[in-house]
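Okay, work_16.cif is below, mmCIF, N, CA and C atoms and all ligand atoms:
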data_coords
loop_
_atom_site.label_atom_id
_atom_site.label_comp_id
_atom_site.auth_asym_id
_atom_site.auth_seq_id
_atom_site.Cartn_x
_atom_site.Cartn_y
_atom_site.Cartn_z
N MET X 1 0.85 -1.20 0.00
CA MET X 1 0.00 0.00 0.00
C MET X 1 0.89 1.24 0.00
N PRO X 2 0.66 2.12 -0.96
CA PRO X 2 1.52 3.32 -1.03
C PRO X 2 1.29 4.24 0.17
N LEU X 3 2.34 4.83 0.57
CA LEU X 3 2.26 5.76 1.70
C LEU X 3 2.66 7.13 1.18
N LEU X 4 1.81 8.08 1.39
CA LEU X 4 2.07 9.41 0.85
C LEU X 4 2.20 10.41 1.98
N MET X 5 3.32 11.11 1.97
CA MET X 5 3.52 12.15 2.97
C MET X 5 3.79 13.44 2.24
N GLU X 6 3.26 14.50 2.74
CA GLU X 6 3.57 15.76 2.10
C GLU X 6 3.70 16.86 3.14
N ALA X 7 4.84 17.46 3.14
CA ALA X 7 5.05 18.62 4.00
C ALA X 7 5.02 19.82 3.08
N VAL X 8 4.04 20.67 3.24
CA VAL X 8 3.80 21.76 2.29
C VAL X 8 5.04 22.65 2.16
N GLY X 9 5.47 22.82 0.92
CA GLY X 9 6.58 23.72 0.65
C GLY X 9 7.94 23.18 0.99
N VAL X 10 8.01 22.01 1.53
CA VAL X 10 9.31 21.49 1.94
C VAL X 10 9.70 20.27 1.13
N ALA X 11 8.88 19.27 1.15
CA ALA X 11 9.26 18.06 0.46
C ALA X 11 8.04 17.29 0.02
N HIS X 12 8.17 16.61 -1.08
CA HIS X 12 7.12 15.73 -1.54
C HIS X 12 7.68 14.32 -1.50
N VAL X 13 7.05 13.50 -0.74
CA VAL X 13 7.62 12.18 -0.49
C VAL X 13 6.62 11.10 -0.86
N GLU X 14 7.07 10.17 -1.65
CA GLU X 14 6.25 9.00 -1.94
C GLU X 14 7.06 7.77 -1.59
N LEU X 15 6.61 7.03 -0.65
CA LEU X 15 7.34 5.83 -0.25
C LEU X 15 6.40 4.63 -0.26
N ARG X 16 6.92 3.56 -0.74
CA ARG X 16 6.14 2.34 -0.78
C ARG X 16 6.84 1.29 0.08
N LEU X 17 6.12 0.78 1.01
CA LEU X 17 6.68 -0.27 1.87
C LEU X 17 6.20 -1.61 1.34
N SER X 18 7.14 -2.48 1.06
CA SER X 18 6.72 -3.79 0.57
C SER X 18 7.84 -4.79 0.80
N SER X 19 7.65 -5.98 0.29
CA SER X 19 8.76 -6.92 0.30
C SER X 19 8.90 -7.46 -1.11
N ASP X 20 10.15 -7.67 -1.51
CA ASP X 20 10.37 -8.08 -2.89
C ASP X 20 10.38 -9.60 -3.01
N ASP X 21 10.65 -10.07 -4.21
CA ASP X 21 10.60 -11.51 -4.48
C ASP X 21 11.60 -12.30 -3.64
N GLU X 22 12.68 -11.63 -3.27
CA GLU X 22 13.69 -12.33 -2.48
C GLU X 22 13.43 -12.22 -0.99
N GLY X 23 12.36 -11.58 -0.62
CA GLY X 23 12.01 -11.50 0.78
C GLY X 23 12.58 -10.30 1.52
N TYR X 24 13.24 -9.41 0.76
CA TYR X 24 13.72 -8.19 1.42
C TYR X 24 12.55 -7.26 1.69
N ARG X 25 12.54 -6.71 2.89
CA ARG X 25 11.53 -5.70 3.20
C ARG X 25 12.06 -4.37 2.70
N THR X 26 11.35 -3.77 1.80
CA THR X 26 11.91 -2.62 1.10
C THR X 26 11.08 -1.36 1.29
N ILE X 27 11.77 -0.25 1.16
CA ILE X 27 11.14 1.07 1.11
C ILE X 27 11.59 1.68 -0.20
N THR X 28 10.65 1.86 -1.11
CA THR X 28 11.02 2.44 -2.40
C THR X 28 10.11 3.62 -2.71
N GLY X 29 10.58 4.47 -3.58
CA GLY X 29 9.79 5.63 -3.96
C GLY X 29 10.71 6.78 -4.30
N ARG X 30 10.26 7.98 -4.01
CA ARG X 30 11.10 9.13 -4.30
C ARG X 30 10.81 10.27 -3.34
N ILE X 31 11.79 11.12 -3.21
CA ILE X 31 11.69 12.30 -2.37
C ILE X 31 12.03 13.49 -3.25
N ALA X 32 11.12 14.43 -3.35
CA ALA X 32 11.40 15.66 -4.10
C ALA X 32 11.32 16.83 -3.14
N ALA X 33 12.29 17.68 -3.22
CA ALA X 33 12.30 18.81 -2.30
C ALA X 33 13.08 19.96 -2.91
N ARG X 34 12.77 21.15 -2.44
CA ARG X 34 13.56 22.31 -2.83
C ARG X 34 14.17 22.88 -1.56
N ALA X 35 15.45 22.84 -1.52
CA ALA X 35 16.14 23.37 -0.36
C ALA X 35 16.75 24.72 -0.73
N VAL X 36 16.77 25.61 0.21
CA VAL X 36 17.44 26.89 -0.02
C VAL X 36 18.70 26.90 0.84
N LEU X 37 19.82 26.95 0.16
CA LEU X 37 21.10 26.90 0.85
C LEU X 37 21.79 28.24 0.71
N GLN X 38 22.89 28.38 1.40
CA GLN X 38 23.66 29.62 1.30
C GLN X 38 24.84 29.43 0.37
N CYS X 39 24.90 30.29 -0.63
CA CYS X 39 26.02 30.24 -1.56
C CYS X 39 27.30 30.60 -0.81
N GLN X 40 28.33 29.77 -0.98
CA GLN X 40 29.57 29.99 -0.24
C GLN X 40 30.44 31.08 -0.86
N ARG X 41 30.03 31.57 -2.03
CA ARG X 41 30.81 32.65 -2.65
C ARG X 41 30.20 34.01 -2.35
N CYS X 42 28.88 34.17 -2.60
CA CYS X 42 28.27 35.48 -2.40
C CYS X 42 27.45 35.52 -1.11
N LEU X 43 27.29 34.37 -0.44
CA LEU X 43 26.53 34.25 0.80
C LEU X 43 25.04 34.54 0.62
N GLY X 44 24.60 34.58 -0.61
CA GLY X 44 23.18 34.75 -0.89
C GLY X 44 22.48 33.40 -0.94
N PRO X 45 21.15 33.44 -1.00
CA PRO X 45 20.41 32.18 -1.06
C PRO X 45 20.52 31.54 -2.44
N VAL X 46 20.65 30.25 -2.46
CA VAL X 46 20.68 29.52 -3.72
C VAL X 46 19.75 28.31 -3.60
N GLY X 47 18.80 28.23 -4.51
CA GLY X 47 17.84 27.12 -4.48
C GLY X 47 18.48 25.85 -5.00
N HIS X 48 18.15 24.76 -4.37
CA HIS X 48 18.72 23.48 -4.79
C HIS X 48 17.58 22.48 -4.91
N GLU X 49 17.34 22.01 -6.13
CA GLU X 49 16.27 21.05 -6.35
C GLU X 49 16.79 19.64 -6.10
N LEU X 50 16.01 18.90 -5.35
CA LEU X 50 16.38 17.52 -5.09
C LEU X 50 15.27 16.61 -5.61
N ASP X 51 15.64 15.58 -6.26
CA ASP X 51 14.66 14.58 -6.67
C ASP X 51 15.36 13.23 -6.53
N LEU X 52 15.14 12.62 -5.41
CA LEU X 52 15.91 11.43 -5.07
C LEU X 52 15.09 10.17 -5.24
N PRO X 53 15.62 9.23 -5.98
CA PRO X 53 15.00 7.92 -5.95
C PRO X 53 15.34 7.26 -4.62
N VAL X 54 14.39 6.58 -4.05
CA VAL X 54 14.63 5.88 -2.79
C VAL X 54 14.53 4.39 -3.04
N SER X 55 15.54 3.67 -2.66
CA SER X 55 15.52 2.22 -2.79
C SER X 55 16.27 1.63 -1.61
N LEU X 56 15.51 1.34 -0.59
CA LEU X 56 16.11 0.88 0.66
C LEU X 56 15.60 -0.51 1.02
N ALA X 57 16.44 -1.26 1.66
CA ALA X 57 16.03 -2.53 2.22
C ALA X 57 16.29 -2.48 3.72
N MET X 58 15.31 -2.95 4.47
CA MET X 58 15.45 -2.93 5.93
C MET X 58 16.21 -4.15 6.41
N VAL X 59 17.20 -3.89 7.23
CA VAL X 59 17.99 -4.99 7.79
C VAL X 59 18.01 -4.83 9.32
N TRP X 60 18.35 -5.92 9.98
CA TRP X 60 18.37 -5.88 11.44
C TRP X 60 19.66 -5.30 11.99
N ALA X 61 20.72 -5.48 11.22
CA ALA X 61 22.02 -5.04 11.74
C ALA X 61 22.87 -4.47 10.62
N GLU X 62 23.73 -3.56 11.01
CA GLU X 62 24.65 -2.90 10.08
C GLU X 62 25.42 -3.92 9.24
N LYS X 63 25.80 -5.03 9.85
CA LYS X 63 26.64 -6.01 9.16
C LYS X 63 25.93 -6.71 8.00
N GLU X 64 24.60 -6.60 7.95
CA GLU X 64 23.87 -7.21 6.84
C GLU X 64 23.90 -6.36 5.58
N ILE X 65 24.24 -5.09 5.74
CA ILE X 65 24.15 -4.16 4.61
C ILE X 65 25.04 -4.57 3.43
N PRO X 66 26.32 -4.97 3.68
CA PRO X 66 27.17 -5.33 2.54
C PRO X 66 26.63 -6.49 1.71
N SER X 67 25.80 -7.36 2.28
CA SER X 67 25.31 -8.50 1.52
C SER X 67 24.01 -8.21 0.78
N LEU X 68 23.52 -6.99 0.88
CA LEU X 68 22.30 -6.62 0.16
C LEU X 68 22.58 -6.54 -1.35
N PRO X 69 21.56 -6.81 -2.16
CA PRO X 69 21.73 -6.57 -3.60
C PRO X 69 22.09 -5.11 -3.83
N SER X 70 22.87 -4.85 -4.86
CA SER X 70 23.40 -3.50 -5.05
C SER X 70 22.31 -2.48 -5.34
N ARG X 71 21.11 -2.95 -5.73
CA ARG X 71 20.04 -1.99 -6.02
C ARG X 71 19.46 -1.37 -4.75
N TYR X 72 19.82 -1.92 -3.62
CA TYR X 72 19.31 -1.38 -2.36
C TYR X 72 20.40 -0.75 -1.51
N ASP X 73 20.01 0.32 -0.83
CA ASP X 73 20.81 0.80 0.29
C ASP X 73 20.17 0.20 1.53
N GLY X 74 20.96 0.00 2.53
CA GLY X 74 20.44 -0.62 3.74
C GLY X 74 19.98 0.41 4.74
N VAL X 75 18.89 0.11 5.43
CA VAL X 75 18.49 0.93 6.56
C VAL X 75 18.29 -0.02 7.74
N VAL X 76 19.03 0.25 8.79
CA VAL X 76 18.99 -0.64 9.95
C VAL X 76 17.76 -0.34 10.80
N VAL X 77 16.98 -1.35 11.04
CA VAL X 77 15.83 -1.18 11.92
C VAL X 77 15.97 -2.15 13.09
N GLY X 78 15.57 -1.68 14.22
CA GLY X 78 15.62 -2.53 15.39
C GLY X 78 14.22 -2.96 15.77
N ALA X 79 13.97 -3.04 17.05
CA ALA X 79 12.65 -3.42 17.53
C ALA X 79 11.66 -2.27 17.33
N ASP X 80 12.19 -1.05 17.25
CA ASP X 80 11.31 0.11 17.11
C ASP X 80 10.87 0.27 15.65
N PRO X 81 9.70 0.81 15.46
CA PRO X 81 9.28 1.09 14.08
C PRO X 81 10.18 2.13 13.43
N VAL X 82 10.30 2.03 12.10
CA VAL X 82 11.12 3.00 11.38
C VAL X 82 10.46 4.37 11.45
N ASP X 83 11.22 5.37 11.80
CA ASP X 83 10.73 6.74 11.78
C ASP X 83 10.93 7.30 10.37
N LEU X 84 9.83 7.37 9.63
CA LEU X 84 9.96 7.77 8.22
C LEU X 84 10.41 9.22 8.07
N TYR X 85 10.00 10.05 8.98
CA TYR X 85 10.44 11.45 8.89
C TYR X 85 11.95 11.55 9.06
N GLU X 86 12.43 10.78 10.02
CA GLU X 86 13.88 10.78 10.25
C GLU X 86 14.61 10.23 9.02
N LEU X 87 14.02 9.19 8.47
CA LEU X 87 14.62 8.55 7.31
C LEU X 87 14.68 9.51 6.12
N VAL X 88 13.57 10.20 5.89
CA VAL X 88 13.51 11.17 4.79
C VAL X 88 14.51 12.30 5.03
N GLU X 89 14.55 12.76 6.25
CA GLU X 89 15.47 13.84 6.59
C GLU X 89 16.92 13.42 6.33
N GLU X 90 17.21 12.19 6.71
CA GLU X 90 18.57 11.69 6.52
C GLU X 90 18.92 11.58 5.03
N GLU X 91 17.96 11.08 4.24
CA GLU X 91 18.19 10.97 2.81
C GLU X 91 18.44 12.34 2.19
N LEU X 92 17.65 13.32 2.63
CA LEU X 92 17.80 14.67 2.10
C LEU X 92 19.14 15.27 2.49
N LEU X 93 19.51 15.07 3.73
CA LEU X 93 20.79 15.63 4.19
C LEU X 93 21.96 15.01 3.43
N LEU X 94 21.85 13.70 3.18
CA LEU X 94 22.92 13.02 2.45
C LEU X 94 23.01 13.53 1.02
N ALA X 95 21.88 13.94 0.47
CA ALA X 95 21.86 14.35 -0.93
C ALA X 95 22.26 15.80 -1.12
N LEU X 96 22.21 16.57 -0.07
CA LEU X 96 22.57 17.98 -0.20
C LEU X 96 24.06 18.12 -0.42
N PRO X 97 24.44 19.08 -1.25
CA PRO X 97 25.87 19.29 -1.44
C PRO X 97 26.51 19.82 -0.17
N LEU X 98 27.74 19.41 0.08
CA LEU X 98 28.44 19.89 1.28
C LEU X 98 28.69 21.37 1.18
N VAL X 99 29.02 21.81 0.00
CA VAL X 99 29.27 23.23 -0.22
C VAL X 99 28.33 23.70 -1.31
N ALA X 100 27.45 24.61 -0.97
CA ALA X 100 26.49 25.10 -1.95
C ALA X 100 27.04 26.34 -2.63
N ALA X 101 26.71 26.48 -3.88
CA ALA X 101 27.11 27.68 -4.61
C ALA X 101 26.22 27.82 -5.82
N HIS X 102 26.10 29.04 -6.32
CA HIS X 102 25.35 29.27 -7.54
C HIS X 102 26.04 28.57 -8.71
N GLU X 103 25.27 28.34 -9.75
CA GLU X 103 25.85 27.82 -10.99
C GLU X 103 26.89 28.81 -11.50
N PRO X 104 27.92 28.31 -12.21
CA PRO X 104 28.90 29.23 -12.77
C PRO X 104 28.21 30.28 -13.63
N GLY X 105 28.52 31.52 -13.42
CA GLY X 105 27.92 32.60 -14.19
C GLY X 105 26.66 33.17 -13.57
N ALA X 106 26.06 32.44 -12.62
CA ALA X 106 24.81 32.91 -12.01
C ALA X 106 25.04 33.53 -10.64
N CYS X 107 26.27 33.51 -10.20
CA CYS X 107 26.56 34.02 -8.86
C CYS X 107 26.92 35.50 -8.93
N PRO X 108 26.27 36.32 -8.12
CA PRO X 108 26.60 37.75 -8.12
C PRO X 108 28.06 38.03 -7.78
N ALA X 109 28.71 37.08 -7.11
CA ALA X 109 30.10 37.28 -6.73
C ALA X 109 31.07 36.92 -7.86
N ASP X 110 30.53 36.30 -8.92
CA ASP X 110 31.39 35.93 -10.04
C ASP X 110 31.77 37.14 -10.86
N PRO X 111 32.95 37.14 -11.41
CA PRO X 111 33.26 38.17 -12.41
C PRO X 111 32.37 37.92 -13.62
N VAL X 112 31.97 38.98 -14.29
CA VAL X 112 31.09 38.83 -15.45
C VAL X 112 31.86 38.14 -16.57
N SER X 113 31.28 37.06 -17.07
CA SER X 113 31.98 36.32 -18.11
C SER X 113 31.48 36.75 -19.48
N PRO X 114 32.28 36.56 -20.52
CA PRO X 114 31.87 36.94 -21.88
C PRO X 114 30.56 36.28 -22.30
N ASP X 115 30.31 35.05 -21.84
CA ASP X 115 29.07 34.35 -22.19
C ASP X 115 27.85 35.10 -21.69
N VAL X 116 27.93 35.53 -20.45
CA VAL X 116 26.82 36.25 -19.85
C VAL X 116 26.60 37.56 -20.60
N GLU X 117 27.69 38.18 -20.97
CA GLU X 117 27.60 39.47 -21.67
C GLU X 117 26.88 39.33 -23.01
N SER X 118 27.20 38.29 -23.75
CA SER X 118 26.63 38.15 -25.08
C SER X 118 25.15 37.79 -25.04
N THR X 119 24.69 37.16 -23.96
CA THR X 119 23.26 36.80 -23.90
C THR X 119 22.41 37.97 -23.43
N GLY X 120 23.02 38.88 -22.70
CA GLY X 120 22.24 40.02 -22.21
C GLY X 120 22.34 41.18 -23.18
N SER X 121 21.76 41.02 -24.37
CA SER X 121 21.96 42.01 -25.42
C SER X 121 21.32 43.35 -25.09
N ASP X 122 20.24 43.33 -24.30
CA ASP X 122 19.57 44.60 -24.02
C ASP X 122 20.18 45.31 -22.81
N LYS X 123 21.21 44.71 -22.24
CA LYS X 123 21.83 45.34 -21.09
C LYS X 123 23.06 46.14 -21.51
N LYS X 124 23.38 47.08 -20.70
CA LYS X 124 24.56 47.88 -20.95
C LYS X 124 25.80 47.00 -20.85
N ASN X 125 26.73 47.18 -21.72
CA ASN X 125 27.95 46.40 -21.69
C ASN X 125 28.71 46.69 -20.41
N PRO X 126 28.85 45.66 -19.57
CA PRO X 126 29.52 45.90 -18.28
C PRO X 126 31.00 46.23 -18.42
N PHE X 127 31.55 45.98 -19.60
CA PHE X 127 32.98 46.28 -19.79
C PHE X 127 33.22 47.70 -20.31
N ALA X 128 32.14 48.39 -20.62
CA ALA X 128 32.28 49.72 -21.20
C ALA X 128 33.10 50.63 -20.28
N VAL X 129 32.81 50.54 -18.99
CA VAL X 129 33.52 51.38 -18.04
C VAL X 129 35.01 51.05 -18.05
N LEU X 130 35.30 49.75 -18.09
CA LEU X 130 36.71 49.33 -18.10
C LEU X 130 37.42 49.83 -19.35
N ARG X 131 36.71 49.76 -20.48
CA ARG X 131 37.33 50.25 -21.72
C ARG X 131 37.65 51.73 -21.60
N GLY X 132 36.74 52.46 -20.98
CA GLY X 132 36.96 53.88 -20.77
C GLY X 132 38.24 54.14 -19.99
N VAL X 133 38.48 53.29 -18.99
CA VAL X 133 39.68 53.44 -18.18
C VAL X 133 40.91 53.14 -19.01
N GLU X 134 40.83 52.06 -19.80
CA GLU X 134 41.98 51.64 -20.59
C GLU X 134 42.40 52.70 -21.62
N THR X 135 41.39 53.34 -22.21
CA THR X 135 41.72 54.31 -23.26
C THR X 135 41.80 55.73 -22.72
N GLY X 136 41.84 55.84 -21.41
CA GLY X 136 41.86 57.16 -20.80
C GLY X 136 43.21 57.84 -20.95
N PRO X 137 43.38 58.94 -20.26
CA PRO X 137 44.66 59.69 -20.34
C PRO X 137 45.86 58.80 -20.03
N GLY X 138 46.91 58.98 -20.72
CA GLY X 138 48.11 58.18 -20.47
C GLY X 138 48.38 57.21 -21.57
N THR X 139 47.43 56.99 -22.52
CA THR X 139 47.70 56.08 -23.63
C THR X 139 48.09 56.84 -24.86
ZN ZN X 201 26.51 33.05 -5.19
#
This entry written out as structure tokens:
Amino acid sequence: MPLLMEAVGVAHVELRLSSDDEGYRTITGRIAARAVLQCQRCLGPVGHELDLPVSLAMVWAEKEIPSLPSRYDGVVVGADPVDLYELVEEELLLALPLVAAHEPGACPADPVSPDVESTGSDKKNPFAVLRGVETGPGT
């Protein structure tokens, strides 16, 4: 039976609990979320889209994980029920980049590149001022 969780504005989670043909108890589905991180160059906010496939098999002990089929990651469960929120949170944290930054060319802290200049045809040439300096008095 599919299990649907939705935290408004944070993450969209679809997880299916089942067991496969080999008897593994599995949690499969996907987690989609938009995280806002801090760019390490300009310190501004940078959106990060996550869309993670989830393919987990529940095991009793850490030592069982290496023997799982490669299509599964292991999640250790004990006598307590699995906390799905914790599990989702962990998956998201693992998927987030350690160092967030804007895409090259999209960061306000980046020097303006020729590519950006050529696409912004209706904008003032950001190098015009520099050219003025270069051709100023003294040449
Ligand atoms: Zn930035």
(request) Could you give me, as a count of residues only, every polymer residue with an atom at most 9 Å away from an atom of ligand ZN 201 (chain X), counting only C-alpha atoms and all ligand atoms? (result) 19
(message) If I take CA of Ser55 in chain X and CA of Tyr24 in chain X, how far is one from the other in Å, to one decimal?
(response)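 Result for CA of Ser55 in chain X versus CA of Tyr24 in chain X: 11.4 Å, one decimal.
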(request) List every residue of range 9-131 of chain X that DSSP, applied to the backbone, labels as strand (DSSP E), and write the result as a PyMOL selection string. (result) chain X and resi 11-19+25-38+45-59+73-76
(message) Could you check the closest approach to Gly29 in chain X for each of X:Val54, X:His12, X:Val76, X:Ala95 and tell me which residue wins, using only N, CA and C atoms?
(response) X:Val54
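Going from CA of Trp60 in chain X to CA of Pro81 in chain X covers 11.8 Å.
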(request) Could you please determine the separation between CA of Leu96 in chain X and CA of Lys63 in chain X in Å, to one decimal place? (result)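 Value for the CA of Leu96 in chain X-CA of Lys63 in chain X distance: 26.1 Å.
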Answer as a PDB file with N, CA and C atoms, in the coordinates of the input, residues within 5 Å of (12.4, -2.8, 3.5) using all atoms listed in the file:
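Generated file (point.pdb):
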ATOM      1  N   TYR X  24      13.240  -9.410   0.760  1.00  0.00           N
ATOM      2  CA  TYR X  24      13.720  -8.190   1.420  1.00  0.00           C
ATOM      3  C   TYR X  24      12.550  -7.260   1.690  1.00  0.00           C
ATOM      4  N   ARG X  25      12.540  -6.710   2.890  1.00  0.00           N
ATOM      5  CA  ARG X  25      11.530  -5.700   3.200  1.00  0.00           C
ATOM      6  C   ARG X  25      12.060  -4.370   2.700  1.00  0.00           C
ATOM      7  N   THR X  26      11.350  -3.770   1.800  1.00  0.00           N
ATOM      8  CA  THR X  26      11.910  -2.620   1.100  1.00  0.00           C
ATOM      9  C   THR X  26      11.080  -1.360   1.290  1.00  0.00           C
ATOM     10  N   ILE X  27      11.770  -0.250   1.160  1.00  0.00           N
ATOM     11  CA  ILE X  27      11.140   1.070   1.110  1.00  0.00           C
ATOM     12  C   ILE X  27      11.590   1.680  -0.200  1.00  0.00           C
ATOM     13  N   LEU X  56      15.510   1.340  -0.590  1.00  0.00           N
ATOM     14  CA  LEU X  56      16.110   0.880   0.660  1.00  0.00           C
ATOM     15  C   LEU X  56      15.600  -0.510   1.020  1.00  0.00           C
ATOM     16  N   ALA X  57      16.440  -1.260   1.660  1.00  0.00           N
ATOM     17  CA  ALA X  57      16.030  -2.530   2.220  1.00  0.00           C
ATOM     18  C   ALA X  57      16.290  -2.480   3.720  1.00  0.00           C
ATOM     19  N   MET X  58      15.310  -2.950   4.470  1.00  0.00           N
ATOM     20  CA  MET X  58      15.450  -2.930   5.930  1.00  0.00           C
ATOM     21  C   MET X  58      16.210  -4.150   6.410  1.00  0.00           C
TER      22      MET X  58
END
(message) Taking only N, CA and C atoms into account, name the residue in X:Val77, X:Leu15, X:Leu94, X:Ile31 that is nearest to Val59 in chain X.
(response) X:Val77
(request) Would you mind telling me which residue in X:Glu62, X:Asp20, X:Glu14, X:Glu89 lies nearest to Val75 in chain X when using only C-alpha atoms? (result) X:Glu62
Taking (14.8, 19.5, -9.1) in the file's coordinates as the center, which residues reach within 8 Å of it, counting all atoms listed in the file, put as an mmCIF file with N, CA and C atoms, keeping the file's coordinate frame?
data_model
loop_
_atom_site.group_PDB
_atom_site.id
_atom_site.type_symbol
_atom_site.label_atom_id
_atom_site.label_comp_id
_atom_site.auth_asym_id
_atom_site.auth_seq_id
_atom_site.Cartn_x
_atom_site.Cartn_y
_atom_site.Cartn_z
ATOM 1 N N ALA X 32 11.120 14.430 -3.350
ATOM 2 C CA ALA X 32 11.400 15.660 -4.100
ATOM 3 C C ALA X 32 11.320 16.830 -3.140
ATOM 4 N N ALA X 33 12.290 17.680 -3.220
ATOM 5 C CA ALA X 33 12.300 18.810 -2.300
ATOM 6 C C ALA X 33 13.080 19.960 -2.910
ATOM 7 N N ARG X 34 12.770 21.150 -2.440
ATOM 8 C CA ARG X 34 13.560 22.310 -2.830
ATOM 9 C C ARG X 34 14.170 22.880 -1.560
ATOM 10 N N HIS X 48 18.150 24.760 -4.370
ATOM 11 C CA HIS X 48 18.720 23.480 -4.790
ATOM 12 C C HIS X 48 17.580 22.480 -4.910
ATOM 13 N N GLU X 49 17.340 22.010 -6.130
ATOM 14 C CA GLU X 49 16.270 21.050 -6.350
ATOM 15 C C GLU X 49 16.790 19.640 -6.100
ATOM 16 N N LEU X 50 16.010 18.900 -5.350
ATOM 17 C CA LEU X 50 16.380 17.520 -5.090
ATOM 18 C C LEU X 50 15.270 16.610 -5.610
ATOM 19 N N ASP X 51 15.640 15.580 -6.260
ATOM 20 C CA ASP X 51 14.660 14.580 -6.670
ATOM 21 C C ASP X 51 15.360 13.230 -6.530
ATOM 22 N N LEU X 52 15.140 12.620 -5.410
ATOM 23 C CA LEU X 52 15.910 11.430 -5.070
ATOM 24 C C LEU X 52 15.090 10.170 -5.240
#
